[in-house]
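Notes follow the structure.
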Amino acid sequence: MRLATWNVNSVKQRVPRLLPWLDQRRPDVVCLQETKLTDDAFAELLGSALAERGYEFASNGQSQWNGVALLSRVGLHDVERGFAAMPGFPDPEARAISATCGGLRVHSLYVPNGRVPDSEHYHYKLAWLSALRDSVASGPMPVALCGDLNIAPADADVFDPVAYVGQTHVTGPERAALQSLTGLGLHDVVRERWPHERVFSYWDYRAGMFHQDLGMRIDLVLADAATSARVAAAFVDRQARKGTGPSDHAPVIVDLDEAPDGDIGPVVPPPSAPRTPRRGAKKLPQSS
DNA sequence: ATGACTGGATAGTCCAGA
(Lines give C-alpha, C1' and ligand atoms only; values in the text may rest on other atoms or scores of the structure.)
Protein backbone atom coordinates (compact mmCIF):
# COMPACT_ATOMS: atom_id res chain seq x y z
CA MET A 1 0.00 0.00 0.00
CA ARG A 2 1.38 3.38 -1.02
CA LEU A 3 0.60 6.15 1.49
CA ALA A 4 1.38 9.80 0.75
CA THR A 5 0.97 13.18 2.41
CA TRP A 6 1.21 16.55 0.67
CA ASN A 7 0.61 20.12 1.74
CA VAL A 8 -0.62 21.43 -1.60
CA ASN A 9 -0.96 25.13 -0.63
CA SER A 10 -4.39 25.56 -2.27
CA VAL A 11 -5.77 22.51 -4.03
CA LYS A 12 -7.50 24.77 -6.54
CA GLN A 13 -4.16 26.20 -7.67
CA ARG A 14 -2.55 22.75 -7.56
CA VAL A 15 -4.97 20.76 -9.73
CA PRO A 16 -2.56 20.87 -12.72
CA ARG A 17 0.11 19.29 -10.51
CA LEU A 18 -2.05 17.06 -8.32
CA LEU A 19 -3.83 15.03 -11.01
CA PRO A 20 -0.70 14.14 -13.02
CA TRP A 21 1.05 13.30 -9.75
CA LEU A 22 -1.75 10.89 -8.81
CA ASP A 23 -1.40 9.26 -12.23
CA GLN A 24 2.37 8.98 -11.98
CA ARG A 25 2.84 7.95 -8.38
CA ARG A 26 -0.41 6.04 -7.98
CA PRO A 27 -0.70 6.40 -4.22
CA ASP A 28 -3.41 4.29 -2.59
CA VAL A 29 -4.02 6.73 0.23
CA VAL A 30 -3.33 10.47 0.05
CA CYS A 31 -3.44 13.00 2.88
CA LEU A 32 -3.77 16.58 1.69
CA GLN A 33 -3.28 19.77 3.69
CA GLU A 34 -3.95 23.46 3.04
CA THR A 35 -6.70 22.70 0.56
CA LYS A 36 -8.22 26.14 1.29
CA LEU A 37 -11.66 25.05 0.09
CA THR A 38 -15.01 24.27 1.66
CA ASP A 39 -16.17 20.66 1.42
CA ASP A 40 -18.72 21.57 -1.25
CA ALA A 41 -16.09 23.38 -3.32
CA PHE A 42 -13.64 20.48 -2.91
CA ALA A 43 -16.21 17.96 -4.16
CA GLU A 44 -17.15 20.24 -7.03
CA LEU A 45 -13.53 20.76 -8.03
CA LEU A 46 -12.22 17.20 -7.74
CA GLY A 47 -15.12 14.79 -7.34
CA SER A 48 -15.27 13.46 -10.89
CA ALA A 49 -11.48 13.49 -11.46
CA LEU A 50 -11.00 11.42 -8.30
CA ALA A 51 -13.84 9.03 -9.11
CA GLU A 52 -12.29 8.42 -12.56
CA ARG A 53 -9.10 7.41 -10.81
CA GLY A 54 -10.83 5.10 -8.37
CA TYR A 55 -10.54 7.29 -5.28
CA GLU A 56 -13.07 7.80 -2.57
CA PHE A 57 -12.48 11.02 -0.68
CA ALA A 58 -13.46 12.96 2.40
CA SER A 59 -12.56 16.54 3.19
CA ASN A 60 -12.67 18.84 6.18
CA GLY A 61 -12.41 22.30 4.73
CA GLN A 62 -13.21 25.95 5.21
CA SER A 63 -12.95 28.92 2.91
CA GLN A 64 -9.67 30.78 2.59
CA TRP A 65 -7.43 29.00 5.13
CA ASN A 66 -6.46 25.52 6.31
CA GLY A 67 -8.40 22.52 5.02
CA VAL A 68 -7.44 18.82 4.97
CA ALA A 69 -8.60 15.83 2.97
CA LEU A 70 -8.16 12.10 2.54
CA LEU A 71 -8.21 10.21 -0.76
CA SER A 72 -8.26 6.42 -0.79
CA ARG A 73 -8.74 3.53 -3.16
CA VAL A 74 -8.37 0.94 -0.41
CA GLY A 75 -11.50 1.92 1.48
CA LEU A 76 -12.43 4.99 3.51
CA HIS A 77 -14.37 4.14 6.64
CA ASP A 78 -15.36 5.80 9.91
CA VAL A 79 -14.38 9.31 8.81
CA GLU A 80 -13.84 11.70 11.70
CA ARG A 81 -13.38 15.44 11.23
CA GLY A 82 -11.24 17.01 13.92
CA PHE A 83 -10.65 14.96 17.08
CA ALA A 84 -11.84 14.78 20.68
CA ALA A 85 -11.29 17.99 22.67
CA MET A 86 -9.56 19.69 19.72
CA PRO A 87 -8.91 23.33 20.67
CA GLY A 88 -10.01 26.21 18.44
CA PHE A 89 -8.72 29.72 17.93
CA PRO A 90 -11.21 30.34 19.36
CA ASP A 91 -13.45 28.44 16.95
CA PRO A 92 -12.45 25.00 15.63
CA GLU A 93 -10.37 25.11 12.45
CA ALA A 94 -10.26 22.60 9.58
CA ARG A 95 -6.95 20.98 10.46
CA ALA A 96 -7.62 17.28 11.00
CA ILE A 97 -9.46 14.41 9.37
CA SER A 98 -9.02 10.69 9.92
CA ALA A 99 -10.40 7.49 8.47
CA THR A 100 -9.65 3.79 8.26
CA CYS A 101 -8.07 2.90 4.92
CA GLY A 102 -6.83 -0.59 4.11
CA GLY A 103 -6.93 -1.51 7.79
CA LEU A 104 -4.86 1.50 8.86
CA ARG A 105 -6.19 4.48 10.82
CA VAL A 106 -4.88 7.39 8.73
CA HIS A 107 -4.83 10.99 9.97
CA SER A 108 -4.32 13.98 7.68
CA LEU A 109 -3.09 16.80 9.91
CA TYR A 110 -2.29 20.46 9.46
CA VAL A 111 -0.80 21.59 12.76
CA PRO A 112 -1.15 25.31 13.58
CA ASN A 113 1.88 27.33 12.55
CA GLY A 114 2.54 29.03 15.88
CA ARG A 115 3.83 32.23 14.23
CA VAL A 116 5.96 33.59 17.09
CA PRO A 117 7.19 31.73 20.19
CA ASP A 118 5.09 32.50 23.26
CA SER A 119 2.36 34.19 21.21
CA GLU A 120 -1.29 33.21 21.51
CA HIS A 121 -0.87 31.27 18.25
CA TYR A 122 2.09 29.39 19.70
CA HIS A 123 0.19 28.32 22.81
CA TYR A 124 -2.71 27.28 20.60
CA LYS A 125 -0.31 25.10 18.63
CA LEU A 126 0.95 23.39 21.79
CA ALA A 127 -2.56 22.86 23.17
CA TRP A 128 -3.69 21.46 19.82
CA LEU A 129 -0.80 18.98 19.79
CA SER A 130 -1.50 17.96 23.38
CA ALA A 131 -5.15 17.22 22.61
CA LEU A 132 -4.11 15.32 19.48
CA ARG A 133 -1.78 13.18 21.56
CA ASP A 134 -4.56 12.31 24.00
CA SER A 135 -6.93 11.51 21.16
CA VAL A 136 -4.45 9.22 19.39
CA ALA A 137 -3.54 7.53 22.69
CA SER A 138 -7.13 6.37 23.10
CA GLY A 139 -7.75 5.83 19.38
CA PRO A 140 -7.55 2.79 17.09
CA MET A 141 -4.39 0.98 16.02
CA PRO A 142 -2.60 0.52 13.72
CA VAL A 143 -2.25 4.22 13.04
CA ALA A 144 -0.36 6.68 10.85
CA LEU A 145 -0.23 10.40 11.60
CA CYS A 146 0.51 12.14 8.33
CA GLY A 147 0.78 15.76 7.43
CA ASP A 148 2.32 19.14 7.95
CA LEU A 149 3.32 18.96 11.61
CA ASN A 150 4.95 22.40 11.43
CA ILE A 151 7.78 21.12 13.65
CA ALA A 152 11.30 20.24 12.55
CA PRO A 153 12.04 17.26 14.80
CA ALA A 154 15.79 17.97 15.12
CA ASP A 155 18.40 20.51 14.07
CA ALA A 156 19.27 18.25 11.13
CA ASP A 157 15.78 18.97 9.82
CA VAL A 158 16.48 22.64 9.08
CA PHE A 159 19.05 23.98 6.63
CA ASP A 160 20.62 26.34 9.15
CA PRO A 161 19.84 25.71 12.83
CA VAL A 162 21.48 28.99 13.83
CA ALA A 163 19.11 30.93 11.57
CA TYR A 164 16.14 29.33 13.29
CA VAL A 165 17.07 30.12 16.88
CA GLY A 166 14.13 31.90 18.47
CA GLN A 167 11.78 30.89 15.63
CA THR A 168 8.86 28.54 15.77
CA HIS A 169 9.16 24.96 14.44
CA VAL A 170 12.37 24.29 16.37
CA THR A 171 11.67 25.36 19.96
CA GLY A 172 11.97 22.98 22.90
CA PRO A 173 8.26 22.91 23.76
CA GLU A 174 7.30 22.16 20.14
CA ARG A 175 9.83 19.34 19.90
CA ALA A 176 8.66 18.06 23.29
CA ALA A 177 5.09 18.01 21.97
CA LEU A 178 6.28 15.97 19.00
CA GLN A 179 8.16 13.61 21.31
CA SER A 180 5.02 13.18 23.34
CA LEU A 181 3.39 11.92 20.13
CA THR A 182 6.23 9.58 19.21
CA GLY A 183 6.21 8.52 22.86
CA LEU A 184 2.98 6.70 22.05
CA GLY A 185 5.18 4.25 20.14
CA LEU A 186 5.11 6.04 16.80
CA HIS A 187 8.09 6.08 14.44
CA ASP A 188 9.23 8.91 12.16
CA VAL A 189 9.50 6.58 9.20
CA VAL A 190 11.34 8.87 6.76
CA ARG A 191 14.04 9.78 9.28
CA GLU A 192 14.45 6.15 10.31
CA ARG A 193 14.93 5.21 6.66
CA TRP A 194 17.39 8.06 6.02
CA PRO A 195 19.07 8.56 9.40
CA HIS A 196 21.98 10.70 8.18
CA GLU A 197 20.80 12.21 4.89
CA ARG A 198 19.74 15.77 4.25
CA VAL A 199 15.98 15.40 3.79
CA PHE A 200 13.66 18.39 3.52
CA SER A 201 9.98 18.58 2.60
CA TYR A 202 9.42 22.35 2.52
CA TRP A 203 11.35 25.12 0.81
CA ASP A 204 10.38 28.80 0.84
CA TYR A 205 9.32 30.05 -2.57
CA ARG A 206 11.68 33.01 -2.29
CA ALA A 207 15.28 33.48 -3.25
CA GLY A 208 15.84 30.14 -4.95
CA MET A 209 15.67 28.27 -1.67
CA PHE A 210 14.60 25.02 -3.34
CA HIS A 211 17.32 25.28 -5.96
CA GLN A 212 19.88 25.60 -3.18
CA ASP A 213 18.17 22.92 -1.09
CA LEU A 214 17.67 25.30 1.81
CA GLY A 215 14.57 23.89 3.45
CA MET A 216 13.03 22.17 6.43
CA ARG A 217 11.58 18.75 7.13
CA ILE A 218 8.22 19.45 8.70
CA ASP A 219 5.96 17.07 6.76
CA LEU A 220 6.03 13.78 8.59
CA VAL A 221 4.62 10.27 8.67
CA LEU A 222 4.49 8.88 12.19
CA ALA A 223 3.45 5.21 12.31
CA ASP A 224 3.09 2.61 15.04
CA ALA A 225 5.76 -0.08 15.33
CA ALA A 226 3.85 -2.77 13.43
CA THR A 227 3.17 -0.40 10.53
CA SER A 228 6.69 1.02 10.46
CA ALA A 229 7.98 -2.57 10.26
CA ARG A 230 6.07 -2.82 6.95
CA VAL A 231 7.91 0.16 5.40
CA ALA A 232 9.46 -0.85 2.08
CA ALA A 233 10.29 2.70 0.97
CA ALA A 234 9.99 6.17 2.47
CA PHE A 235 11.03 9.33 0.68
CA VAL A 236 10.27 12.92 -0.21
CA ASP A 237 9.08 13.29 -3.80
CA ARG A 238 11.25 16.25 -4.76
CA GLN A 239 10.12 16.01 -8.39
CA ALA A 240 6.77 17.45 -7.34
CA ARG A 241 8.48 20.61 -6.02
CA LYS A 242 10.12 21.30 -9.41
CA GLY A 243 8.74 22.88 -12.55
CA THR A 244 5.77 25.19 -13.03
CA GLY A 245 3.34 26.05 -10.28
CA PRO A 246 4.54 23.81 -7.46
CA SER A 247 3.43 23.87 -3.84
CA ASP A 248 6.13 25.06 -1.46
CA HIS A 249 5.93 21.57 0.11
CA ALA A 250 6.85 18.26 -1.56
CA PRO A 251 4.88 15.07 -0.97
CA VAL A 252 6.14 12.42 1.41
CA ILE A 253 5.59 8.90 0.10
CA VAL A 254 5.69 5.70 2.15
CA ASP A 255 5.30 2.24 0.65
CA LEU A 256 4.05 -0.43 3.03
CA ASP A 257 4.42 -4.14 2.43
CA GLU A 258 1.33 -6.22 2.95
CA ALA A 259 0.33 -6.57 6.58
CA PRO A 260 1.22 -9.96 8.09
CA ASP A 261 -2.41 -10.70 8.92
CA GLY A 262 -3.59 -9.88 5.42
CA ASP A 263 -4.09 -6.36 4.16
CA ILE A 264 -6.67 -6.74 1.40
CA GLY A 265 -4.77 -4.27 -0.78
CA PRO A 266 -6.31 -2.12 -3.50
CA VAL A 267 -9.99 -2.85 -4.04
CA VAL A 268 -9.90 -1.14 -7.43
CA PRO A 269 -7.53 -2.64 -9.99
CA PRO A 270 -4.93 -0.19 -11.24
CA PRO A 271 -5.48 1.21 -14.74
CA SER A 272 -3.67 -0.57 -17.54
CA ALA A 273 -1.43 2.37 -18.41
CA PRO A 274 2.23 1.33 -18.74
CA ARG A 275 4.28 1.85 -15.60
CA THR A 276 7.56 2.24 -17.43
CA PRO A 277 9.25 5.58 -16.76
CA ARG A 278 9.40 8.29 -19.40
CA ARG A 279 12.60 8.40 -21.34
CA GLY A 280 15.00 10.56 -19.40
CA ALA A 281 12.91 10.28 -16.26
CA LYS A 282 15.01 10.66 -13.18
CA LYS A 283 15.13 7.92 -10.62
CA LEU A 284 13.51 8.60 -7.29
CA PRO A 285 15.29 7.76 -4.09
CA GLN A 286 14.28 4.25 -3.12
CA SER A 287 14.70 2.34 0.05
CA SER A 288 16.87 -0.41 -1.32
C1' DA B 1 17.71 45.15 2.53
C1' DT B 2 13.84 42.75 9.65
C1' DG B 3 13.40 41.62 1.63
C1' DA B 4 13.03 38.15 -2.11
C1' DC B 5 7.24 34.26 -3.39
C1' DT B 6 2.56 32.60 -3.48
C1' DG B 7 -2.44 32.35 -2.37
C1' DG B 8 -6.85 34.33 -0.76
C1' DA B 9 -9.82 38.13 -0.27
C1' DT B 10 -10.18 42.30 -2.00
C1' DA B 11 -10.53 46.18 -5.15
C1' DG B 12 -5.47 49.09 -2.19
C1' DT B 13 -2.89 46.41 -0.59
C1' DC B 14 -3.02 43.32 3.49
C1' DC B 15 -2.76 38.89 5.99
C1' DA B 16 -0.75 34.45 6.29
C1' DG B 17 2.42 31.03 5.49
C1' DA B 18 7.21 28.90 7.83
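Just remember, in the C-alpha coordinates the first chain shown is A, the second B, etc., residues are 1-based per chain, and ligands are 1-based in the order shown.
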
Subject >> 8 Å contacts from chain A to chain B using only C-alpha atoms (C1' of nucleotides), as a ChimeraX atom specification >> reply: /A:9-10,64-65,113,115,150,169,204-207

Subject >> Selection: 9 Å around stretch 134-143 of chain A, only C-alpha atoms (C1' of nucleotides), excl. self and same-chain fewer than 3 positions, as a list of chain:residue names >> reply: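 Within the cut-off, the hits are A:Phe83, A:Ala84, A:Ala85, A:Met86, A:Thr100, A:Gly103, A:Leu104, A:Arg105, A:Val106, A:His107, A:Leu129, A:Ser130, A:Ala131, A:Leu181, A:Leu184, A:Leu186, A:Leu222, A:Ala223, A:Asp224, A:Ala225, A:Ala226, A:Thr227.
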
Original post:
Which is closest to A:Met1 among A:Leu132, A:Cys101, A:Leu178, A:Leu22, if we use only C-alpha atoms?
Top reply: A:Cys101

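Our summary of the geometry notes that atom CA of A:Val30 is positioned 12.9 Å from atom CA of A:Ala250.
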
**OP:** Apply DSSP to the structure's backbone, then extract all residues of stretch 63-280 of chain A labelled helix (DSSP H, G or I) and return them as a ChimeraX atom specification.
**Re:** /A:120-137,155-157,161-164,172-182,189-193,206-208,225-228,238-241
